[in-house]
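A.B. asks: Below is the file coords_3.txt, which contains compact mmCIF, C-alpha atoms.
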# COMPACT_ATOMS: atom_id res chain seq x y z
CA MET K 1 0.00 0.00 0.00
CA THR K 2 1.54 3.28 -1.11
CA GLY K 3 0.59 6.75 0.07
CA LYS K 4 -1.12 7.55 -3.26
CA GLN K 5 -3.35 4.48 -3.45
CA PRO K 6 -6.74 4.32 -1.70
CA ASN K 7 -6.70 2.02 1.32
CA GLN K 8 -9.21 -0.57 0.16
CA ARG K 9 -8.42 -2.89 3.07
CA LEU K 10 -9.40 -0.28 5.64
CA ALA K 11 -12.52 0.62 3.65
CA ALA K 12 -13.57 -3.04 3.54
CA LEU K 13 -13.06 -3.44 7.29
CA LEU K 14 -15.08 -0.29 7.99
CA ALA K 15 -17.90 -1.63 5.84
CA GLU K 16 -17.76 -4.99 7.62
CA ALA K 17 -17.85 -3.22 10.98
CA GLU K 18 -20.77 -1.04 9.82
CA TRP K 19 -18.87 2.00 11.07
CA SER K 20 -18.63 5.52 9.72
CA SER K 21 -15.33 7.36 9.61
CA ALA K 22 -16.42 9.33 12.68
CA ASP K 23 -17.17 6.08 14.55
CA LEU K 24 -13.64 4.81 13.93
CA GLY K 25 -12.09 8.11 14.99
CA ARG K 26 -14.05 8.11 18.27
CA SER K 27 -13.11 4.51 19.05
CA VAL K 28 -9.40 5.15 18.40
CA ASN K 29 -9.50 8.24 20.64
CA ALA K 30 -11.15 6.22 23.42
CA LEU K 31 -8.51 3.50 23.20
CA GLY K 32 -5.84 6.18 23.31
CA ARG K 33 -7.32 7.69 26.48
CA ALA K 34 -7.17 4.26 28.12
CA GLN K 35 -3.42 4.31 27.46
CA ASN K 36 -2.98 7.94 28.62
CA LEU K 37 -2.78 9.32 25.08
CA SER K 38 -4.57 12.51 24.09
CA LEU K 39 -5.75 11.94 20.51
CA GLN K 40 -8.09 14.03 18.37
CA TYR K 41 -8.84 11.84 15.36
CA ASN K 42 -12.08 12.63 13.52
CA ARG K 43 -13.89 11.99 10.24
CA SER K 44 -11.29 14.03 8.35
CA SER K 45 -8.42 12.00 9.82
CA VAL K 46 -10.03 8.74 8.76
CA ALA K 47 -10.67 10.15 5.29
CA HIS K 48 -6.92 10.72 4.94
CA TRP K 49 -6.24 7.14 5.99
CA LEU K 50 -8.77 5.87 3.47
CA SER K 51 -7.08 7.89 0.76
CA GLY K 52 -3.83 6.05 1.44
CA THR K 53 -2.05 8.32 3.93
CA GLN K 54 -0.06 6.24 6.42
CA PRO K 55 -0.93 7.30 9.99
CA ARG K 56 1.88 7.80 12.45
CA HIS K 57 2.52 5.70 15.55
CA PRO K 58 0.57 4.85 17.67
CA ALA K 59 -2.45 5.17 15.37
CA PRO K 60 -1.97 1.93 13.33
CA GLY K 61 -2.02 -0.30 16.40
CA LEU K 62 -4.96 1.55 17.93
CA ILE K 63 -6.93 1.38 14.69
CA ALA K 64 -6.29 -2.38 14.55
CA ALA K 65 -7.37 -2.71 18.20
CA ALA K 66 -10.58 -0.76 17.58
CA LEU K 67 -11.47 -2.91 14.58
CA SER K 68 -10.57 -6.10 16.48
CA ARG K 69 -12.99 -5.19 19.26
CA ARG K 70 -15.76 -4.24 16.84
CA LEU K 71 -15.41 -7.35 14.66
CA GLY K 72 -14.69 -9.82 17.44
CA ARG K 73 -11.58 -11.21 15.75
CA PRO K 74 -7.90 -10.23 15.53
CA VAL K 75 -7.15 -7.47 13.01
CA THR K 76 -3.54 -6.35 12.55
CA ALA K 77 -2.28 -3.03 11.23
CA ALA K 78 -1.14 -4.86 8.11
CA ASP K 79 -4.66 -6.33 7.65
CA ALA K 80 -5.99 -2.78 7.68
CA GLY K 81 -3.44 -1.61 5.10
CA LEU K 82 -1.76 0.68 7.62
CA THR K 83 1.81 -0.58 7.28
CA ARG K 84 3.80 -0.77 4.10
CA VAL K 85 5.60 -3.90 5.30
CA PRO K 86 3.84 -6.49 7.48
CA GLN K 87 5.15 -6.59 11.03
CA PRO K 88 7.72 -9.34 11.56
CA SER K 89 6.33 -12.28 13.45
CA SER K 90 9.07 -12.06 16.08
CA THR K 91 7.73 -8.72 17.28
CA ALA K 92 4.03 -8.81 16.41
CA PRO K 93 1.55 -8.67 19.30
CA GLU K 94 -0.29 -11.72 18.03
CA LEU K 95 2.84 -13.86 18.27
CA MET K 96 1.14 -16.48 20.43
CA ALA K 97 -1.37 -17.21 17.67
CA GLU K 98 1.40 -18.49 15.42
CA ALA K 99 2.42 -22.11 15.18
CA VAL K 100 5.56 -21.79 17.28
CA SER K 101 6.42 -23.37 20.60
CA THR K 102 5.98 -21.36 23.77
CA ARG K 103 9.61 -21.96 24.65
CA HIS K 104 10.83 -20.61 21.31
CA ALA K 105 8.50 -17.63 21.56
CA LEU K 106 9.74 -16.88 25.07
CA THR K 107 13.40 -17.12 24.06
CA THR K 108 12.85 -14.87 21.05
CA THR K 109 11.00 -12.27 23.06
CA LEU K 110 13.50 -12.24 25.93
CA HIS K 111 16.51 -11.77 23.65
CA ALA K 112 14.73 -8.95 21.82
CA ASP K 113 13.78 -7.40 25.16
CA ILE K 114 17.39 -7.40 26.37
CA ASP K 115 18.53 -5.42 23.34
CA PRO K 116 17.79 -1.71 23.96
CA VAL K 117 16.95 -0.98 20.33
CA GLN K 118 14.66 -3.97 19.92
CA ARG K 119 12.98 -3.25 23.27
CA VAL K 120 11.92 0.13 21.93
CA ARG K 121 10.25 -1.67 19.03
CA LEU K 122 8.58 -4.14 21.40
CA THR K 123 7.14 -1.37 23.54
CA ARG K 124 5.77 0.60 20.58
CA PHE K 125 3.03 -1.91 19.79
CA SER K 126 -0.48 -1.23 21.02
CA TYR K 127 -2.37 -3.42 23.44
CA LEU K 128 -5.01 -5.60 21.75
CA PRO K 129 -7.87 -7.28 23.64
CA LEU K 130 -6.98 -10.80 22.53
CA ALA K 131 -7.06 -13.94 24.65
CA PRO K 132 -4.17 -16.45 24.63
CA SER K 133 -4.36 -18.67 21.58
CA VAL K 134 -4.61 -21.88 23.65
CA LEU K 135 -7.51 -20.61 25.75
CA SER K 136 -10.33 -22.04 23.64
CA ASP K 137 -9.58 -25.62 24.61
CA ALA K 138 -7.53 -24.93 27.73
CA VAL K 139 -9.94 -26.15 30.37
CA GLY K 140 -10.42 -29.53 28.77
CA GLN K 141 -6.71 -30.04 28.22
CA LEU K 142 -5.81 -28.92 31.72
CA ALA K 143 -8.22 -31.50 33.11
CA THR K 144 -6.36 -34.38 31.46
CA PRO K 145 -3.87 -36.43 33.51
CA THR K 146 -0.39 -35.01 33.80
CA PRO K 147 1.89 -36.70 31.24
CA ARG K 148 4.68 -38.95 32.43
CA GLN K 149 7.71 -37.01 33.53
CA PRO K 150 10.83 -37.40 31.39
CA ASP K 151 13.54 -39.78 32.51
CA ILE K 152 16.01 -36.92 33.03
CA TYR K 153 15.12 -34.58 35.89
CA PRO K 154 16.62 -31.19 36.67
CA PRO K 155 18.09 -31.05 40.17
CA LEU K 156 15.52 -30.11 42.80
CA ALA K 157 17.74 -27.18 43.72
CA VAL K 158 17.06 -25.68 40.27
CA ILE K 159 13.31 -25.45 40.92
CA GLU K 160 13.98 -24.00 44.36
CA GLU K 161 16.32 -21.44 42.81
CA LEU K 162 13.64 -20.26 40.37
CA ASP K 163 11.08 -19.97 43.15
CA ASP K 164 13.56 -18.10 45.35
CA MET K 165 14.16 -15.66 42.51
CA SER K 166 10.42 -15.16 42.19
CA GLU K 167 10.19 -14.27 45.86
CA ILE K 168 13.22 -11.96 45.81
CA LEU K 169 12.13 -10.08 42.70
CA ALA K 170 8.50 -9.87 43.83
CA GLY K 171 9.82 -8.23 46.98
CA LEU K 172 11.75 -5.71 44.90
CA LEU K 173 8.60 -4.98 42.90
CA LEU K 174 6.69 -4.25 46.10
CA LYS K 175 9.46 -2.03 47.38
CA TYR K 176 10.63 -0.16 44.28
CA GLY K 177 8.07 -0.67 41.52
CA GLY K 178 8.49 -2.51 38.23
CA GLY K 179 11.10 -0.33 36.53
CA HIS K 180 14.09 -1.19 38.72
CA PRO K 181 13.92 -5.02 38.85
CA ARG K 182 12.55 -5.56 35.33
CA PRO K 183 15.93 -5.65 33.52
CA LEU K 184 17.32 -8.03 36.17
CA LEU K 185 14.48 -10.50 35.69
CA THR K 186 14.59 -10.25 31.89
CA ARG K 187 18.29 -11.07 31.85
CA TYR K 188 17.90 -13.87 34.40
CA LEU K 189 15.15 -15.54 32.39
CA ALA K 190 17.15 -15.27 29.17
CA ASP K 191 20.41 -16.55 30.66
CA ARG K 192 19.13 -19.10 33.17
CA ALA K 193 15.53 -20.21 32.65
CA GLY K 194 15.75 -20.32 28.85
CA PRO K 195 18.63 -22.83 28.75
CA LEU K 196 16.96 -24.90 31.49
CA LEU K 197 13.78 -25.19 29.44
CA ALA K 198 15.86 -26.24 26.44
CA ALA K 199 17.50 -28.96 28.52
CA TYR K 200 14.30 -30.19 30.24
CA PRO K 201 11.48 -29.11 27.89
CA GLU K 202 8.80 -31.38 29.36
CA HIS K 203 9.45 -31.15 33.07
CA THR K 204 6.23 -29.82 34.58
CA GLY K 205 7.83 -28.45 37.74
CA LEU K 206 10.33 -26.44 35.74
CA LEU K 207 7.61 -25.20 33.38
CA ALA K 208 5.45 -24.04 36.30
CA ALA K 209 8.33 -22.30 38.08
CA THR K 210 9.31 -20.52 34.86
CA SER K 211 5.69 -19.56 34.28
CA ARG K 212 5.65 -17.77 37.64
CA LEU K 213 8.77 -15.79 36.74
CA VAL K 214 7.40 -14.82 33.32
CA HIS K 215 4.13 -13.78 34.96
CA LEU K 216 6.11 -11.58 37.33
CA LEU K 217 7.97 -10.04 34.37
CA ALA K 218 4.61 -9.25 32.78
CA VAL K 219 3.51 -7.44 35.94
CA MET K 220 6.74 -5.39 35.90
CA ASN K 221 6.14 -4.41 32.28
CA THR K 222 2.59 -3.40 33.12
CA ASP K 223 4.03 -1.17 35.84
CA THR K 224 6.25 0.52 33.26
CA ASP K 225 3.35 1.14 30.85
CA ALA K 226 4.63 -1.42 28.31
CA HIS K 227 1.17 -2.94 28.08
CA ALA K 228 1.44 -4.81 24.78
CA LEU K 229 4.71 -6.43 25.87
CA ALA K 230 3.24 -7.19 29.28
CA GLN K 231 0.30 -8.88 27.60
CA ARG K 232 2.69 -10.98 25.52
CA TYR K 233 4.53 -12.13 28.64
CA PHE K 234 1.22 -12.98 30.32
CA HIS K 235 0.32 -15.07 27.26
CA LEU K 236 3.68 -16.82 27.45
CA ALA K 237 3.27 -17.45 31.18
CA TYR K 238 -0.15 -18.90 30.49
CA GLY K 239 1.28 -21.09 27.72
CA LEU K 240 3.94 -22.49 30.07
CA ALA K 241 1.35 -23.19 32.78
CA HIS K 242 -0.89 -24.83 30.20
CA GLN K 243 1.98 -27.01 29.00
CA ALA K 244 2.68 -27.99 32.62
CA ARG K 245 -1.05 -28.82 33.13
CA HIS K 246 -0.92 -26.46 36.12
CA ARG K 247 -4.54 -25.32 36.44
CA GLU K 248 -3.96 -22.95 39.35
CA GLN K 249 -1.09 -21.10 37.72
CA ALA K 250 -2.99 -20.83 34.44
CA ALA K 251 -6.02 -19.44 36.26
CA ILE K 252 -3.96 -16.87 38.18
CA THR K 253 -2.41 -15.63 34.94
CA LEU K 254 -5.84 -15.29 33.34
CA ARG K 255 -6.85 -13.29 36.41
CA ALA K 256 -3.83 -11.01 35.86
CA LEU K 257 -4.78 -10.53 32.21
CA SER K 258 -8.24 -9.54 33.43
CA ALA K 259 -6.74 -7.05 35.88
CA GLN K 260 -4.64 -5.52 33.08
CA ALA K 261 -7.74 -5.21 30.88
CA THR K 262 -9.58 -3.53 33.77
CA LEU K 263 -6.74 -1.04 34.15
CA LEU K 264 -6.97 -0.22 30.44
CA ARG K 265 -10.78 0.06 30.63
CA HIS K 266 -11.62 -2.92 28.46
CA GLN K 267 -14.31 -3.93 30.92
CA ARG K 268 -16.20 -6.55 28.92
CA TYR K 269 -12.95 -8.22 27.89
CA ALA K 270 -11.80 -8.14 31.53
CA HIS K 271 -15.07 -9.76 32.57
CA ASP K 272 -14.67 -12.54 30.01
CA LEU K 273 -11.12 -13.22 31.17
CA SER K 274 -12.20 -13.38 34.81
CA ALA K 275 -14.86 -15.93 33.84
CA ALA K 276 -12.16 -17.97 32.06
CA ALA K 277 -10.01 -17.80 35.20
CA VAL K 278 -12.86 -19.15 37.34
CA ALA K 279 -13.55 -21.96 34.87
CA THR K 280 -9.88 -22.86 34.54
CA ALA K 281 -9.32 -23.01 38.30
CA GLY K 282 -12.33 -25.26 38.84
CA HIS K 283 -14.09 -26.08 42.10
CA GLN K 284 -11.15 -28.03 43.49
CA ALA K 285 -8.68 -25.15 43.37
CA PRO K 286 -6.96 -24.23 46.65
CA ALA K 287 -8.80 -21.62 48.67
CA SER K 288 -5.94 -19.13 48.22
CA VAL K 289 -6.29 -19.35 44.43
CA ARG K 290 -10.08 -18.98 44.60
CA ALA K 291 -9.66 -15.84 46.71
CA ILE K 292 -7.35 -14.25 44.13
CA ILE K 293 -9.64 -15.07 41.22
CA LEU K 294 -12.99 -14.28 42.83
CA ALA K 295 -11.80 -10.86 44.02
CA GLN K 296 -11.06 -9.90 40.41
CA ARG K 297 -14.37 -11.42 39.33
CA ALA K 298 -16.10 -9.12 41.80
CA LEU K 299 -14.38 -6.08 40.32
CA THR K 300 -15.37 -6.93 36.75
CA HIS K 301 -18.98 -7.38 37.85
CA ALA K 302 -18.82 -3.99 39.59
CA HIS K 303 -17.49 -2.26 36.48
CA LEU K 304 -20.43 -3.64 34.49
CA GLY K 305 -22.90 -2.36 37.08
CA GLU K 306 -23.79 -5.86 38.32
CA SER K 307 -23.85 -5.00 42.01
CA ARG K 308 -25.45 -8.18 43.37
CA ALA K 309 -23.04 -10.42 41.45
CA ALA K 310 -20.11 -8.23 42.55
CA SER K 311 -21.09 -8.48 46.21
CA ALA K 312 -21.56 -12.24 45.96
CA ALA K 313 -18.17 -12.76 44.34
CA LEU K 314 -16.50 -10.51 46.93
CA THR K 315 -18.11 -12.44 49.79
CA ALA K 316 -16.97 -15.71 48.22
CA ALA K 317 -13.42 -14.34 47.87
CA GLU K 318 -13.32 -13.37 51.54
CA ARG K 319 -14.68 -16.75 52.61
CA ALA K 320 -12.04 -18.49 50.50
CA HIS K 321 -9.31 -16.30 52.00
CA GLU K 322 -10.40 -17.29 55.51
CA GLN K 323 -10.12 -20.96 54.53
CA ALA K 324 -6.75 -20.58 52.80
CA SER K 325 -3.77 -22.54 53.98
CA GLY K 326 -0.66 -23.95 52.39
CA PRO K 327 2.46 -22.42 50.87
CA THR K 328 2.98 -18.67 50.82
CA GLY K 329 4.86 -16.65 48.26
CA PRO K 330 4.35 -14.86 44.95
CA LEU K 331 1.39 -16.23 42.95
CA LYS K 332 0.76 -18.87 45.63
CA SER K 333 -1.08 -16.84 48.27
CA TYR K 334 -3.08 -13.63 48.54
CA PRO K 335 -2.09 -11.21 51.32
CA ARG K 336 -4.98 -9.86 53.35
CA ALA K 337 -3.80 -6.34 52.51
CA ALA K 338 -4.22 -7.07 48.80
CA LEU K 339 -7.71 -8.47 49.34
CA ASP K 340 -8.71 -5.41 51.36
CA PHE K 341 -7.41 -3.12 48.60
CA GLN K 342 -9.48 -5.04 46.06
CA ARG K 343 -12.47 -4.91 48.39
CA GLY K 344 -12.12 -1.14 48.66
CA THR K 345 -11.88 -0.80 44.89
CA VAL K 346 -15.02 -2.89 44.35
CA LEU K 347 -16.98 -1.02 47.03
CA ALA K 348 -15.91 2.36 45.65
CA GLN K 349 -17.06 1.30 42.18
CA LEU K 350 -20.42 0.30 43.71
CA GLY K 351 -20.76 3.67 45.44
CA GLU K 352 -20.39 2.31 48.99
CA HIS K 353 -18.02 5.10 50.02
CA GLN K 354 -17.64 4.63 53.77
CA ALA K 355 -17.15 0.87 53.47
CA ALA K 356 -14.58 1.47 50.74
CA GLN K 357 -12.64 3.88 52.96
CA ARG K 358 -12.58 1.34 55.80
CA ALA K 359 -11.27 -1.34 53.43
CA PHE K 360 -8.49 0.93 52.14
CA ASP K 361 -7.55 1.84 55.73
CA ARG K 362 -7.32 -1.85 56.66
CA SER K 363 -5.16 -2.53 53.62
CA ILE K 364 -2.74 0.25 54.58
CA SER K 365 -2.56 -0.90 58.20
CA GLN K 366 -1.50 -4.41 57.17
CA ARG K 367 1.33 -3.38 54.86
CA HIS K 368 4.98 -3.31 55.87
CA GLY K 369 6.41 0.19 55.71
CA VAL K 370 8.91 -0.78 53.00
CA GLU K 371 6.18 -1.97 50.60
CA HIS K 372 6.34 1.39 48.91
CA ARG K 373 4.48 0.54 45.71
CA PRO K 374 1.24 -0.88 47.19
CA LEU K 375 1.28 1.72 49.97
CA ALA K 376 1.69 4.58 47.50
CA LEU K 377 -1.05 3.27 45.22
CA THR K 378 -3.45 2.65 48.12
CA HIS K 379 -2.89 6.11 49.62
CA ALA K 380 -3.47 7.62 46.17
CA ARG K 381 -6.68 5.62 45.71
CA MET K 382 -7.85 6.64 49.18
CA ALA K 383 -7.02 10.31 48.53
CA THR K 384 -8.88 10.33 45.22
CA HIS K 385 -11.88 8.69 46.84
CA LEU K 386 -11.92 11.16 49.75
CA LEU K 387 -11.61 14.12 47.41
CA SER K 388 -14.54 12.88 45.33
CA THR K 389 -16.69 12.86 48.49
CA GLY K 390 -15.63 16.36 49.55
CA HIS K 391 -13.12 15.50 52.29
CA ILE K 392 -10.30 17.74 51.05
CA ASP K 393 -8.10 17.91 54.16
CA ALA K 394 -8.30 14.13 54.69
CA ALA K 395 -7.42 13.63 51.04
CA CYS K 396 -4.39 15.89 51.45
CA ARG K 397 -3.13 13.74 54.34
CA HIS K 398 -3.23 10.66 52.15
CA TRP K 399 -1.58 12.50 49.25
CA HIS K 400 1.26 13.48 51.62
CA ALA K 401 1.60 9.81 52.58
CA PHE K 402 1.71 8.96 48.89
CA LEU K 403 4.55 11.43 48.41
CA ASP K 404 6.45 9.83 51.32
CA HIS K 405 6.65 6.59 49.32
CA TYR K 406 6.94 8.07 45.82
CA PRO K 407 10.75 8.76 45.78
CA TYR K 408 11.48 5.02 46.12
CA LEU K 409 9.52 4.06 43.03
CA ASP K 410 10.14 3.60 39.34
CA SER K 411 6.51 2.95 38.49
CA ALA K 412 4.31 4.32 35.73
CA ARG K 413 1.27 3.80 37.96
CA ALA K 414 2.83 6.02 40.62
CA ARG K 415 3.74 8.68 38.06
CA GLU K 416 0.17 8.67 36.79
CA ASP K 417 -1.07 9.12 40.36
CA LEU K 418 1.33 12.04 40.86
CA ALA K 419 -0.10 13.70 37.75
CA ALA K 420 -3.62 12.97 39.00
CA LEU K 421 -2.78 14.66 42.31
CA ALA K 422 -2.08 17.97 40.59
CA ARG K 423 -5.04 17.61 38.24
CA HIS K 424 -7.57 16.85 40.99
CA LEU K 425 -6.32 19.45 43.46
CA LEU K 426 -5.75 22.37 41.11
CA PRO K 427 -9.33 23.69 41.54
CA HIS K 428 -8.64 23.91 45.31
CA ARG K 429 -5.19 25.51 45.04
CA ARG K 430 -6.14 28.60 47.10
CA ARG K 431 -6.70 26.42 50.14
CA PRO K 432 -3.49 26.60 52.29
CA SER K 433 -3.22 22.84 52.88
CA VAL K 434 -3.64 22.21 49.15
CA ALA K 435 -1.09 24.87 48.20
CA VAL K 436 1.55 23.26 50.42
CA LEU K 437 0.79 19.83 48.96
CA LEU K 438 0.93 21.05 45.36
CA GLU K 439 4.31 22.67 46.00
CA ARG K 440 5.66 19.43 47.43
CA ALA K 441 4.26 17.43 44.52
CA HIS K 442 5.84 19.87 42.05
CA ARG K 443 9.26 19.36 43.70
CA GLN K 444 8.84 15.57 43.45
CA ALA K 445 7.87 15.74 39.79
CA SER K 446 10.89 17.93 39.00
CA ARG K 447 13.46 15.50 40.39
Taking this structure as input, can you express it in the form of structure tokens?

C.D. replies:
Amino acid sequence: MTGKQPNQRLAALLAEAEWSSADLGRSVNALGRAQNLSLQYNRSSVAHWLSGTQPRHPAPGLIAAALSRRLGRPVTAADAGLTRVPQPSSTAPELMAEAVSTRHALTTTLHADIDPVQRVRLTRFSYLPLAPSVLSDAVGQLATPTPRQPDIYPPLAVIEELDDMSEILAGLLLKYGGGHPRPLLTRYLADRAGPLLAAYPEHTGLLAATSRLVHLLAVMNTDTDAHALAQRYFHLAYGLAHQARHREQAAITLRALSAQATLLRHQRYAHDLSAAAVATAGHQAPASVRAIILAQRALTHAHLGESRAASAALTAAERAHEQASGPTGPLKSYPRAALDFQRGTVLAQLGEHQAAQRAFDRSISQRHGVEHRPLALTHARMATHLLSTGHIDAACRHWHAFLDHYPYLDSARAREDLAALARHLLPHRRRPSVAVLLERAHRQASR
């Protein structure tokens, strides 16, 4: 497709979607807002695209995402005639849909991610609301007996090492945000876990342990606003758990994909993923796993305005948490502080303001003082909630607590909350307590 030729592919997709040019422009702008982009595409913009003008990044990926959602099937930028050269399969967001092994896909992605130039390319793709390619038949396959282990086993110490690394790096994520430990984990997976999977490709314990690390890497990329790459790592983590026939790990990763979709305001997609997580876990899942999954299920119900279903799922999550026992650690247990944060988020979405405030307070009280990321995010959520209900001075106290934790963090979520602080409080800037807070926030943002 050259710049002088009409884009017949895009025109055909618009006709299939039964959309006008203005409809497409509005949908692309909405997707951009979900990724903190201020876009102003309109009927005239789309007319230029239809005439053959190549839109600049990030428009091609967002256009493909909008059409994918409308049509209910994957549409790439190349399908829509928006790239002169199709995206290479090694860096396309729909990589998991291709007929390549999960291990090969993981190795390819990790080595590209390590390279600074290729990482820029990886992070430039747009998030697409697509489920993992193995999801359609995942529940049935996960229910089958675990295949016989290979005759050659990795040393038990190797599995313990991977799980220890998960715990260490999850602790760094809690303390410093995703930006600082992300390169460490990427390199570790490429140099250590990749060769181990090549040596023991069918060992279910190794696959599950690697899946947990890849899941953690996805969370770190989410926290650095690399959402398309984070989604790819979640898909890879799910693929490893699926290959290991590890129902619980697969379900927890689907829950994380749902949480990411919620963050990006793809609420129906998030709801579908939370349903898949519940189905994948099954009724026999450990109580700790049910608590993690049902809490997210409650939030997706709340975002769709289904208050009774949200309350029921939240009650079930709390009951499961009370029954939980067994191993602790990343992706194996659900801290009470995390459940209380989720409870507060659900209740706030349902308009139960006082109950939400109590839940956020309980979450804060149960955190260790060095858990800077969850403490910062919870104080910010509490402050925003208090401000929305007219409690300005109380909100300022929580914003100050947020700023106490902020200097420790390399986290896109925290930076977004810092920007929100100034945006929400600017109308009240003549109030002395607000003026002091805004000055402090300005100094933090300038460092």

A.B. asks: Hey, can you check how far atom CA of K:Arg187 sits from atom CA of K:Asp115?

C.D. replies: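 So the two atoms, atom CA of K:Arg187 and atom CA of K:Asp115, lie 10.2 Å apart.
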
A.B. asks: Excluding same-chain residues fewer than 3 positions from stretch 223-228 of chain K, what lies within 8 Å of it counting only C-alpha atoms, as a ChimeraX atom specification?

C.D. replies: /K:93,122-123,125-128,177-179,219-220,231-232,410-413

A.B. asks: I'd like to know which of K:Leu217, K:Ala435, K:Leu409, K:Ala414 is closest to K:Asp393, using all atoms listed in the file.

C.D. replies: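 For K:Asp393, the nearest of the given residues is K:Ala435.
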
A.B. asks: Distance atom CA of K:Leu426-atom CA of K:Ala34, one decimal place?

C.D. replies: 22.3 Å

A.B. asks: Using only C-alpha atoms, find each residue in stretch 179-264 of chain K having at least one atom no more than 12 Å away from stretch 166-170 of chain K; report its shortest atom-to-atom pair and that distance in Å (one decimal), rows by chain then rising number, as CSV.

C.D. replies:
residue,atom,partner,partner_atom,distance
K:Gly179,CA,K:Leu169,CA,11.6
K:His180,CA,K:Leu169,CA,9.9
K:Pro181,CA,K:Leu169,CA,6.6
K:Arg182,CA,K:Leu169,CA,8.7
K:Pro183,CA,K:Leu169,CA,10.9
K:Leu184,CA,K:Leu169,CA,8.6
K:Leu185,CA,K:Leu169,CA,7.4
K:Thr186,CA,K:Leu169,CA,11.1
K:Tyr188,CA,K:Leu169,CA,10.8
K:Leu189,CA,K:Ser166,CA,10.9
K:Ala193,CA,K:Ser166,CA,11.9
K:Ala208,CA,K:Ser166,CA,11.8
K:Ala209,CA,K:Ser166,CA,8.5
K:Thr210,CA,K:Ser166,CA,9.1
K:Ser211,CA,K:Ser166,CA,10.2
K:Arg212,CA,K:Ser166,CA,7.1
K:Leu213,CA,K:Ser166,CA,5.7
K:Val214,CA,K:Ser166,CA,9.4
K:His215,CA,K:Ser166,CA,9.7
K:Leu216,CA,K:Ala170,CA,7.1
K:Leu217,CA,K:Leu169,CA,9.3
K:Ala218,CA,K:Ala170,CA,11.7
K:Val219,CA,K:Ala170,CA,9.6
K:Met220,CA,K:Ala170,CA,9.3

A.B. asks: Please determine, counting only C-alpha atoms, which residue among K:Ser288, K:Ser325, K:Thr222, K:Thr109 has the shortest atom-to-atom distance to K:Glu248.

C.D. replies: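 Using only C-alpha atoms, the shortest distance to K:Glu248 belongs to K:Ser288.
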
A.B. asks: Can you pull out every residue within 6 Å of stretch 244-246 of chain K, counting all atoms listed in the file, but drop anything in the same chain fewer than 3 positions away, and send it as a PyMOL selection string?

C.D. replies: chain K and resi 142+204+207+241+249
